[in-house]
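Next comes target_10.tsv, with TSV, N, CA and C atoms.
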chain	number	residue	atom	x	y	z
G	1	MET	N	-129.60	-95.72	41.39
G	1	MET	CA	-129.72	-94.52	42.21
G	1	MET	C	-129.25	-94.85	43.62
G	2	GLY	N	-128.33	-94.06	44.13
G	2	GLY	CA	-127.80	-94.27	45.48
G	2	GLY	C	-128.61	-93.53	46.52
G	3	LEU	N	-128.23	-93.72	47.74
G	3	LEU	CA	-128.89	-93.03	48.84
G	3	LEU	C	-128.46	-91.57	48.88
G	4	ARG	N	-129.36	-90.69	49.29
G	4	ARG	CA	-129.06	-89.27	49.41
G	4	ARG	C	-128.84	-88.92	50.88
G	5	ASN	N	-128.06	-87.89	51.11
G	5	ASN	CA	-127.87	-87.41	52.47
G	5	ASN	C	-129.16	-86.79	52.97
G	6	VAL	N	-129.41	-86.94	54.26
G	6	VAL	CA	-130.58	-86.37	54.90
G	6	VAL	C	-130.10	-85.46	56.01
G	7	MET	N	-130.73	-84.29	56.15
G	7	MET	CA	-130.41	-83.37	57.23
G	7	MET	C	-131.47	-83.53	58.31
G	8	ALA	N	-131.06	-83.39	59.57
G	8	ALA	CA	-132.02	-83.51	60.67
G	8	ALA	C	-131.72	-82.47	61.72
G	9	ASP	N	-132.76	-82.13	62.49
G	9	ASP	CA	-132.61	-81.15	63.56
G	9	ASP	C	-133.59	-81.49	64.68
G	10	ALA	N	-133.15	-81.34	65.91
G	10	ALA	CA	-134.05	-81.48	67.07
G	10	ALA	C	-134.79	-80.16	67.18
G	11	ALA	N	-136.00	-80.12	66.67
G	11	ALA	CA	-136.76	-78.88	66.60
G	11	ALA	C	-137.22	-78.41	67.97
G	12	LEU	N	-137.76	-79.31	68.78
G	12	LEU	CA	-138.17	-79.00	70.15
G	12	LEU	C	-137.53	-80.05	71.06
G	13	SER	N	-136.69	-79.61	71.98
G	13	SER	CA	-136.01	-80.55	72.87
G	13	SER	C	-136.99	-81.13	73.87
G	14	SER	N	-136.61	-82.24	74.46
G	14	SER	CA	-137.48	-82.92	75.42
G	14	SER	C	-137.70	-82.04	76.65
G	15	ALA	N	-138.97	-81.81	76.97
G	15	ALA	CA	-139.34	-81.00	78.13
G	15	ALA	C	-140.79	-81.26	78.47
G	16	ALA	N	-141.14	-81.05	79.74
G	16	ALA	CA	-142.54	-81.10	80.16
G	16	ALA	C	-143.16	-79.75	79.84
G	17	ARG	N	-144.29	-79.78	79.17
G	17	ARG	CA	-144.95	-78.54	78.75
G	17	ARG	C	-146.40	-78.53	79.23
G	18	ALA	N	-146.82	-77.37	79.73
G	18	ALA	CA	-148.20	-77.17	80.17
G	18	ALA	C	-149.06	-76.77	78.97
G	19	ALA	N	-150.33	-76.48	79.20
G	19	ALA	CA	-151.23	-76.08	78.11
G	19	ALA	C	-150.67	-74.86	77.40
G	20	GLY	N	-150.70	-74.89	76.07
G	20	GLY	CA	-150.21	-73.77	75.28
G	20	GLY	C	-149.71	-74.24	73.93
G	21	THR	N	-149.24	-73.27	73.15
G	21	THR	CA	-148.68	-73.56	71.83
G	21	THR	C	-147.18	-73.33	71.88
G	22	TYR	N	-146.44	-74.26	71.31
G	22	TYR	CA	-144.98	-74.22	71.33
G	22	TYR	C	-144.49	-74.36	69.89
G	23	THR	N	-143.60	-73.46	69.49
G	23	THR	CA	-143.12	-73.42	68.12
G	23	THR	C	-141.60	-73.42	68.10
G	24	SER	N	-141.03	-74.22	67.22
G	24	SER	CA	-139.57	-74.25	67.09
G	24	SER	C	-139.10	-73.05	66.28
G	25	GLY	N	-137.81	-72.86	66.27
G	25	GLY	CA	-137.24	-71.89	65.36
G	25	GLY	C	-137.20	-72.48	63.96
G	26	PRO	N	-136.84	-71.69	62.96
G	26	PRO	CA	-136.75	-72.22	61.60
G	26	PRO	C	-135.67	-73.30	61.51
G	27	ILE	N	-135.96	-74.31	60.74
G	27	ILE	CA	-134.99	-75.37	60.50
G	27	ILE	C	-134.08	-74.89	59.37
G	28	ALA	N	-132.79	-74.85	59.63
G	28	ALA	CA	-131.82	-74.34	58.67
G	28	ALA	C	-131.72	-75.22	57.44
G	29	ALA	N	-131.37	-74.63	56.35
G	29	ALA	CA	-131.12	-75.32	55.08
G	29	ALA	C	-132.33	-76.06	54.54
G	30	ALA	N	-133.52	-75.65	54.94
G	30	ALA	CA	-134.70	-76.32	54.42
G	30	ALA	C	-135.07	-75.83	53.03
G	31	GLY	N	-134.42	-74.81	52.54
G	31	GLY	CA	-134.76	-74.23	51.25
G	31	GLY	C	-134.65	-75.19	50.09
G	32	ALA	N	-133.80	-76.19	50.21
G	32	ALA	CA	-133.65	-77.17	49.15
G	32	ALA	C	-134.46	-78.43	49.43
G	33	ALA	N	-135.34	-78.37	50.41
G	33	ALA	CA	-136.09	-79.56	50.82
G	33	ALA	C	-137.16	-79.93	49.81
G	34	ALA	N	-137.31	-81.22	49.64
G	34	ALA	CA	-138.43	-81.74	48.86
G	34	ALA	C	-139.39	-82.46	49.80
G	35	ASP	N	-138.83	-83.22	50.72
G	35	ASP	CA	-139.62	-84.02	51.64
G	35	ASP	C	-139.18	-83.75	53.07
G	36	VAL	N	-140.15	-83.66	53.97
G	36	VAL	CA	-139.85	-83.42	55.39
G	36	VAL	C	-140.60	-84.45	56.21
G	37	LEU	N	-139.91	-85.03	57.18
G	37	LEU	CA	-140.49	-86.01	58.09
G	37	LEU	C	-140.47	-85.41	59.49
G	38	LEU	N	-141.61	-85.36	60.13
G	38	LEU	CA	-141.74	-84.87	61.51
G	38	LEU	C	-141.89	-86.09	62.41
G	39	THR	N	-141.04	-86.18	63.44
G	39	THR	CA	-141.16	-87.25	64.42
G	39	THR	C	-141.40	-86.64	65.78
G	40	VAL	N	-142.34	-87.20	66.52
G	40	VAL	CA	-142.67	-86.73	67.87
G	40	VAL	C	-142.60	-87.92	68.82
G	41	HIS	N	-141.87	-87.74	69.91
G	41	HIS	CA	-141.72	-88.79	70.92
G	41	HIS	C	-142.22	-88.24	72.25
G	42	CYS	N	-143.32	-88.79	72.75
G	42	CYS	CA	-143.93	-88.36	74.02
G	42	CYS	C	-143.64	-89.42	75.08
G	43	THR	N	-143.04	-89.01	76.19
G	43	THR	CA	-142.70	-89.96	77.25
G	43	THR	C	-143.67	-89.93	78.42
G	44	ALA	N	-144.47	-88.87	78.56
G	44	ALA	CA	-145.41	-88.78	79.67
G	44	ALA	C	-146.49	-87.75	79.38
G	45	ALA	N	-147.69	-88.03	79.87
G	45	ALA	CA	-148.79	-87.08	79.74
G	45	ALA	C	-149.67	-87.23	80.97
G	46	THR	N	-149.80	-86.15	81.74
G	46	THR	CA	-150.61	-86.19	82.95
G	46	THR	C	-151.62	-85.06	82.93
G	47	GLY	N	-152.55	-85.10	83.86
G	47	GLY	CA	-153.63	-84.13	83.92
G	47	GLY	C	-154.91	-84.80	83.47
G	48	THR	N	-155.96	-84.02	83.33
G	48	THR	CA	-157.23	-84.56	82.86
G	48	THR	C	-157.32	-84.38	81.35
G	49	THR	N	-157.46	-85.48	80.65
G	49	THR	CA	-157.52	-85.55	79.19
G	49	THR	C	-156.44	-84.71	78.49
G	50	PRO	N	-155.15	-84.99	78.79
G	50	PRO	CA	-154.08	-84.25	78.11
G	50	PRO	C	-154.01	-84.66	76.63
G	51	THR	N	-153.75	-83.69	75.77
G	51	THR	CA	-153.60	-83.97	74.35
G	51	THR	C	-152.38	-83.22	73.80
G	52	LEU	N	-151.80	-83.78	72.75
G	52	LEU	CA	-150.68	-83.17	72.05
G	52	LEU	C	-150.93	-83.26	70.56
G	53	ASP	N	-150.93	-82.12	69.89
G	53	ASP	CA	-151.01	-82.05	68.44
G	53	ASP	C	-149.73	-81.37	67.94
G	54	ALA	N	-149.22	-81.81	66.79
G	54	ALA	CA	-148.03	-81.19	66.21
G	54	ALA	C	-148.13	-81.27	64.70
G	55	SER	N	-147.55	-80.26	64.04
G	55	SER	CA	-147.54	-80.23	62.58
G	55	SER	C	-146.40	-79.33	62.11
G	56	LEU	N	-146.26	-79.24	60.80
G	56	LEU	CA	-145.22	-78.41	60.19
G	56	LEU	C	-145.81	-77.13	59.63
G	57	GLU	N	-145.00	-76.09	59.63
G	57	GLU	CA	-145.32	-74.83	58.95
G	57	GLU	C	-144.15	-74.50	58.05
G	58	GLU	N	-144.42	-73.73	56.99
G	58	GLU	CA	-143.35	-73.33	56.07
G	58	GLU	C	-143.43	-71.83	55.81
G	59	SER	N	-142.30	-71.27	55.37
G	59	SER	CA	-142.22	-69.83	55.15
G	59	SER	C	-141.23	-69.55	54.03
G	60	ALA	N	-141.52	-68.54	53.24
G	60	ALA	CA	-140.60	-68.10	52.20
G	60	ALA	C	-139.53	-67.16	52.76
G	61	ASP	N	-139.88	-66.44	53.84
G	61	ASP	CA	-138.98	-65.41	54.37
G	61	ASP	C	-138.56	-65.61	55.82
G	62	GLY	N	-139.05	-66.66	56.50
G	62	GLY	CA	-138.71	-66.89	57.90
G	62	GLY	C	-139.51	-66.03	58.86
G	63	THR	N	-140.47	-65.26	58.34
G	63	THR	CA	-141.29	-64.38	59.17
G	63	THR	C	-142.76	-64.73	59.10
G	64	THR	N	-143.28	-64.92	57.90
G	64	THR	CA	-144.69	-65.24	57.70
G	64	THR	C	-144.82	-66.74	57.47
G	65	TRP	N	-145.60	-67.41	58.35
G	65	TRP	CA	-145.68	-68.87	58.33
G	65	TRP	C	-147.07	-69.34	57.93
G	66	THR	N	-147.12	-70.44	57.17
G	66	THR	CA	-148.39	-71.07	56.83
G	66	THR	C	-148.28	-72.58	57.09
G	67	ALA	N	-149.42	-73.17	57.39
G	67	ALA	CA	-149.46	-74.61	57.67
G	67	ALA	C	-149.12	-75.40	56.41
G	68	VAL	N	-148.43	-76.52	56.60
G	68	VAL	CA	-148.15	-77.45	55.51
G	68	VAL	C	-149.30	-78.46	55.51
G	69	PRO	N	-150.12	-78.46	54.46
G	69	PRO	CA	-151.28	-79.36	54.43
G	69	PRO	C	-150.87	-80.83	54.62
G	70	GLY	N	-151.62	-81.52	55.47
G	70	GLY	CA	-151.39	-82.94	55.69
G	70	GLY	C	-150.19	-83.29	56.54
G	71	SER	N	-149.58	-82.31	57.21
G	71	SER	CA	-148.35	-82.58	57.96
G	71	SER	C	-148.59	-82.85	59.45
G	72	GLY	N	-149.83	-82.89	59.88
G	72	GLY	CA	-150.13	-83.09	61.29
G	72	GLY	C	-150.00	-84.54	61.71
G	73	ILE	N	-149.55	-84.75	62.95
G	73	ILE	CA	-149.49	-86.10	63.50
G	73	ILE	C	-150.88	-86.49	64.00
G	74	ALA	N	-151.10	-87.80	64.17
G	74	ALA	CA	-152.30	-88.26	64.87
G	74	ALA	C	-152.15	-87.83	66.32
G	75	GLN	N	-153.19	-87.28	66.90
G	75	GLN	CA	-153.13	-86.71	68.25
G	75	GLN	C	-152.65	-87.74	69.27
G	76	LEU	N	-151.75	-87.29	70.15
G	76	LEU	CA	-151.27	-88.12	71.27
G	76	LEU	C	-152.04	-87.76	72.53
G	77	THR	N	-152.43	-88.77	73.30
G	77	THR	CA	-153.12	-88.55	74.58
G	77	THR	C	-152.36	-89.23	75.72
G	78	GLY	N	-151.21	-89.78	75.42
G	78	GLY	CA	-150.36	-90.44	76.41
G	78	GLY	C	-149.01	-90.70	75.76
G	79	ALA	N	-148.17	-91.45	76.45
G	79	ALA	CA	-146.84	-91.76	75.93
G	79	ALA	C	-146.95	-92.49	74.60
G	80	GLY	N	-146.06	-92.19	73.67
G	80	GLY	CA	-146.06	-92.84	72.37
G	80	GLY	C	-145.28	-92.05	71.35
G	81	ASN	N	-145.30	-92.53	70.13
G	81	ASN	CA	-144.56	-91.92	69.03
G	81	ASN	C	-145.50	-91.65	67.87
G	82	ARG	N	-145.22	-90.60	67.14
G	82	ARG	CA	-145.98	-90.28	65.94
G	82	ARG	C	-145.02	-89.78	64.86
G	83	VAL	N	-145.39	-90.03	63.62
G	83	VAL	CA	-144.61	-89.60	62.47
G	83	VAL	C	-145.56	-88.99	61.45
G	84	ALA	N	-145.15	-87.90	60.82
G	84	ALA	CA	-145.92	-87.29	59.74
G	84	ALA	C	-144.95	-86.91	58.63
G	85	TYR	N	-145.42	-87.03	57.41
G	85	TYR	CA	-144.60	-86.74	56.24
G	85	TYR	C	-145.28	-85.65	55.41
G	86	ALA	N	-144.48	-84.78	54.83
G	86	ALA	CA	-145.04	-83.74	53.97
G	86	ALA	C	-144.03	-83.31	52.91
G	87	ALA	N	-144.54	-82.83	51.81
G	87	ALA	CA	-143.71	-82.20	50.79
G	87	ALA	C	-143.83	-80.69	51.02
G	88	VAL	N	-142.70	-80.00	50.96
G	88	VAL	CA	-142.69	-78.55	51.18
G	88	VAL	C	-142.16	-77.84	49.94
G	89	SER	N	-142.50	-76.55	49.83
G	89	SER	CA	-142.07	-75.81	48.66
G	89	SER	C	-141.43	-74.47	49.00
G	90	LYS	N	-141.39	-74.13	50.29
G	90	LYS	CA	-140.83	-72.84	50.69
G	90	LYS	C	-139.47	-73.02	51.37
G	91	SER	N	-138.79	-71.92	51.63
G	91	SER	CA	-137.41	-71.94	52.09
G	91	SER	C	-137.18	-72.38	53.54
G	92	TYR	N	-138.16	-72.19	54.41
G	92	TYR	CA	-137.98	-72.50	55.82
G	92	TYR	C	-139.10	-73.42	56.32
G	93	VAL	N	-138.75	-74.26	57.29
G	93	VAL	CA	-139.70	-75.17	57.90
G	93	VAL	C	-139.57	-75.06	59.41
G	94	ARG	N	-140.69	-75.20	60.15
G	94	ARG	CA	-140.64	-75.24	61.60
G	94	ARG	C	-141.76	-76.15	62.10
G	95	VAL	N	-141.66	-76.50	63.39
G	95	VAL	CA	-142.66	-77.34	64.04
G	95	VAL	C	-143.52	-76.46	64.94
G	96	THR	N	-144.81	-76.69	64.91
G	96	THR	CA	-145.71	-76.05	65.86
G	96	THR	C	-146.46	-77.16	66.59
G	97	SER	N	-146.64	-77.00	67.90
G	97	SER	CA	-147.31	-78.02	68.68
G	97	SER	C	-148.22	-77.36	69.71
G	98	THR	N	-149.28	-78.08	70.07
G	98	THR	CA	-150.23	-77.56	71.04
G	98	THR	C	-150.53	-78.62	72.08
G	99	VAL	N	-150.38	-78.23	73.35
G	99	VAL	CA	-150.74	-79.08	74.48
G	99	VAL	C	-152.05	-78.53	75.03
G	100	ALA	N	-153.01	-79.43	75.27
G	100	ALA	CA	-154.31	-79.01	75.80
G	100	ALA	C	-154.79	-80.02	76.84
G	101	GLY	N	-155.86	-79.67	77.52
G	101	GLY	CA	-156.44	-80.50	78.56
G	101	GLY	C	-156.62	-79.66	79.82
G	102	THR	N	-157.04	-80.31	80.90
G	102	THR	CA	-157.18	-79.63	82.17
G	102	THR	C	-155.92	-79.88	82.98
G	103	THR	N	-155.19	-78.83	83.29
G	103	THR	CA	-153.88	-78.87	83.96
G	103	THR	C	-152.97	-79.96	83.39
G	104	PRO	N	-152.75	-79.94	82.06
G	104	PRO	CA	-151.90	-80.98	81.47
G	104	PRO	C	-150.42	-80.70	81.69
G	105	SER	N	-149.66	-81.77	81.66
G	105	SER	CA	-148.21	-81.72	81.59
G	105	SER	C	-147.81	-82.84	80.64
G	106	VAL	N	-147.28	-82.44	79.49
G	106	VAL	CA	-146.91	-83.42	78.47
G	106	VAL	C	-145.42	-83.27	78.20
G	107	THR	N	-144.70	-84.38	78.36
G	107	THR	CA	-143.26	-84.39	78.11
G	107	THR	C	-143.03	-84.99	76.73
G	108	TYR	N	-142.42	-84.19	75.84
G	108	TYR	CA	-142.20	-84.68	74.47
G	108	TYR	C	-141.05	-83.92	73.82
G	109	ARG	N	-140.61	-84.47	72.70
G	109	ARG	CA	-139.63	-83.80	71.85
G	109	ARG	C	-140.06	-84.00	70.40
G	110	ALA	N	-139.62	-83.12	69.53
G	110	ALA	CA	-139.95	-83.20	68.11
G	110	ALA	C	-138.68	-83.01	67.30
G	111	ALA	N	-138.54	-83.80	66.26
G	111	ALA	CA	-137.39	-83.69	65.36
G	111	ALA	C	-137.90	-83.61	63.92
G	112	VAL	N	-137.10	-82.98	63.08
G	112	VAL	CA	-137.45	-82.82	61.68
G	112	VAL	C	-136.31	-83.40	60.84
G	113	TRP	N	-136.68	-84.20	59.87
G	113	TRP	CA	-135.74	-84.82	58.95
G	113	TRP	C	-136.05	-84.27	57.57
G	114	VAL	N	-135.03	-83.75	56.89
G	114	VAL	CA	-135.22	-83.09	55.60
G	114	VAL	C	-134.44	-83.84	54.53
G	115	ARG	N	-135.14	-84.23	53.46
G	115	ARG	CA	-134.48	-84.82	52.29
G	115	ARG	C	-134.41	-83.76	51.22
G	116	PRO	N	-133.20	-83.39	50.82
G	116	PRO	CA	-133.05	-82.34	49.81
G	116	PRO	C	-133.60	-82.80	48.44
G	117	GLU	N	-133.91	-81.80	47.64
G	117	GLU	CA	-134.42	-82.03	46.27
G	117	GLU	C	-133.39	-82.79	45.48
Rendering of file as structure tokens:
Amino acid sequence: MGLRNVMADAALSSAARAAGTYTSGPIAAAGAAADVLLTVHCTAATGTTPTLDASLEESADGTTWTAVPGSGIAQLTGAGNRVAYAAVSKSYVRVTSTVAGTTPSVTYRAAVWVRPE
């Protein structure tokens, strides 16, 4: 068995984000996905107890989204990297992330890697 091609997309570009929820657009060509890898790279986190959570959502129609069980990263509270893996069954995938804390500013980016069926 040889290696298979993998598709990737920068779901959320690197930026400083305040408290709130941030969601990427749908990742194209995810309909044939079997496995999805979410990578998050945080370069800075300031404020009082800043936190970053991120996970995957999937959709059959690109409109109604549901969480992908087990796809969440371990929470980040400072600079670092996290990876989460999930199997998906619907046509579209996206990243959702939440920054929290007292006056937080968290600089991070998220990428999605898709291995086709």
Given the choices G:Val40, G:Val114, G:Thr98, G:Val106, which gets closest to Asn81 (chain G) if the distance is worked out from all atoms listed in the file? G:Val40
Could you tell me how far CA of Gly25 (chain G) sits from CA of Gly62 (chain G), in Å to one decimal place?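 So the two atoms, CA of Gly62 (chain G) and CA of Gly25 (chain G), lie 9.1 Å apart.
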To one decimal in Å, tell me the separation between CA of Thr96 (chain G) and CA of Thr48 (chain G). 22.2 Å
List as an MDAnalysis selection string the protein and nucleic acid residues near Ala84 (chain G), meaning an atom at most 7 Å away when only N, CA and C atoms are counted, but skip any in the same chain fewer than 4 places from it. chainID G and resid 36:40 70:74
Within 8 Å of (-154.6, -85.7, 74.2), in the coordinates the file gives, what residues turn up when you count all atoms listed in the file, written out as a CSV table (one decimal) with N, CA and C atoms, in the frame of the given file?
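Writing done, so here's part06.csv:
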chain,number,residue,atom,x,y,z
G,48,THR,N,-156.0,-84.0,83.3
G,48,THR,CA,-157.2,-84.6,82.9
G,48,THR,C,-157.3,-84.4,81.4
G,49,THR,N,-157.5,-85.5,80.6
G,49,THR,CA,-157.5,-85.6,79.2
G,49,THR,C,-156.4,-84.7,78.5
G,50,PRO,N,-155.2,-85.0,78.8
G,50,PRO,CA,-154.1,-84.2,78.1
G,50,PRO,C,-154.0,-84.7,76.6
G,51,THR,N,-153.8,-83.7,75.8
G,51,THR,CA,-153.6,-84.0,74.4
G,51,THR,C,-152.4,-83.2,73.8
G,52,LEU,N,-151.8,-83.8,72.8
G,52,LEU,CA,-150.7,-83.2,72.0
G,52,LEU,C,-150.9,-83.3,70.6
G,53,ASP,N,-150.9,-82.1,69.9
G,53,ASP,CA,-151.0,-82.0,68.4
G,53,ASP,C,-149.7,-81.4,67.9
G,75,GLN,N,-153.2,-87.3,66.9
G,75,GLN,CA,-153.1,-86.7,68.2
G,75,GLN,C,-152.6,-87.7,69.3
G,76,LEU,N,-151.8,-87.3,70.2
G,76,LEU,CA,-151.3,-88.1,71.3
G,76,LEU,C,-152.0,-87.8,72.5
G,77,THR,N,-152.4,-88.8,73.3
G,77,THR,CA,-153.1,-88.6,74.6
G,77,THR,C,-152.4,-89.2,75.7
G,78,GLY,N,-151.2,-89.8,75.4
G,78,GLY,CA,-150.4,-90.4,76.4
G,78,GLY,C,-149.0,-90.7,75.8
G,99,VAL,N,-150.4,-78.2,73.4
G,99,VAL,CA,-150.7,-79.1,74.5
G,99,VAL,C,-152.0,-78.5,75.0
G,100,ALA,N,-153.0,-79.4,75.3
G,100,ALA,CA,-154.3,-79.0,75.8
G,100,ALA,C,-154.8,-80.0,76.8
G,101,GLY,N,-155.9,-79.7,77.5
G,101,GLY,CA,-156.4,-80.5,78.6
G,101,GLY,C,-156.6,-79.7,79.8
Can you list, as a ChimeraX atom specification, every residue of chain G that DSSP puts in strand (DSSP E or B)? /G:7-17,20-23,27,33-59,66-67,76,80-87,92-116
Determine the nearest neighbour of Ser24 (chain G) from the options G:Ala44, G:Val95, G:Val88, G:Ala111, counting all atoms listed in the file.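 Answer, going by the shortest atom-to-atom distance: G:Val95.
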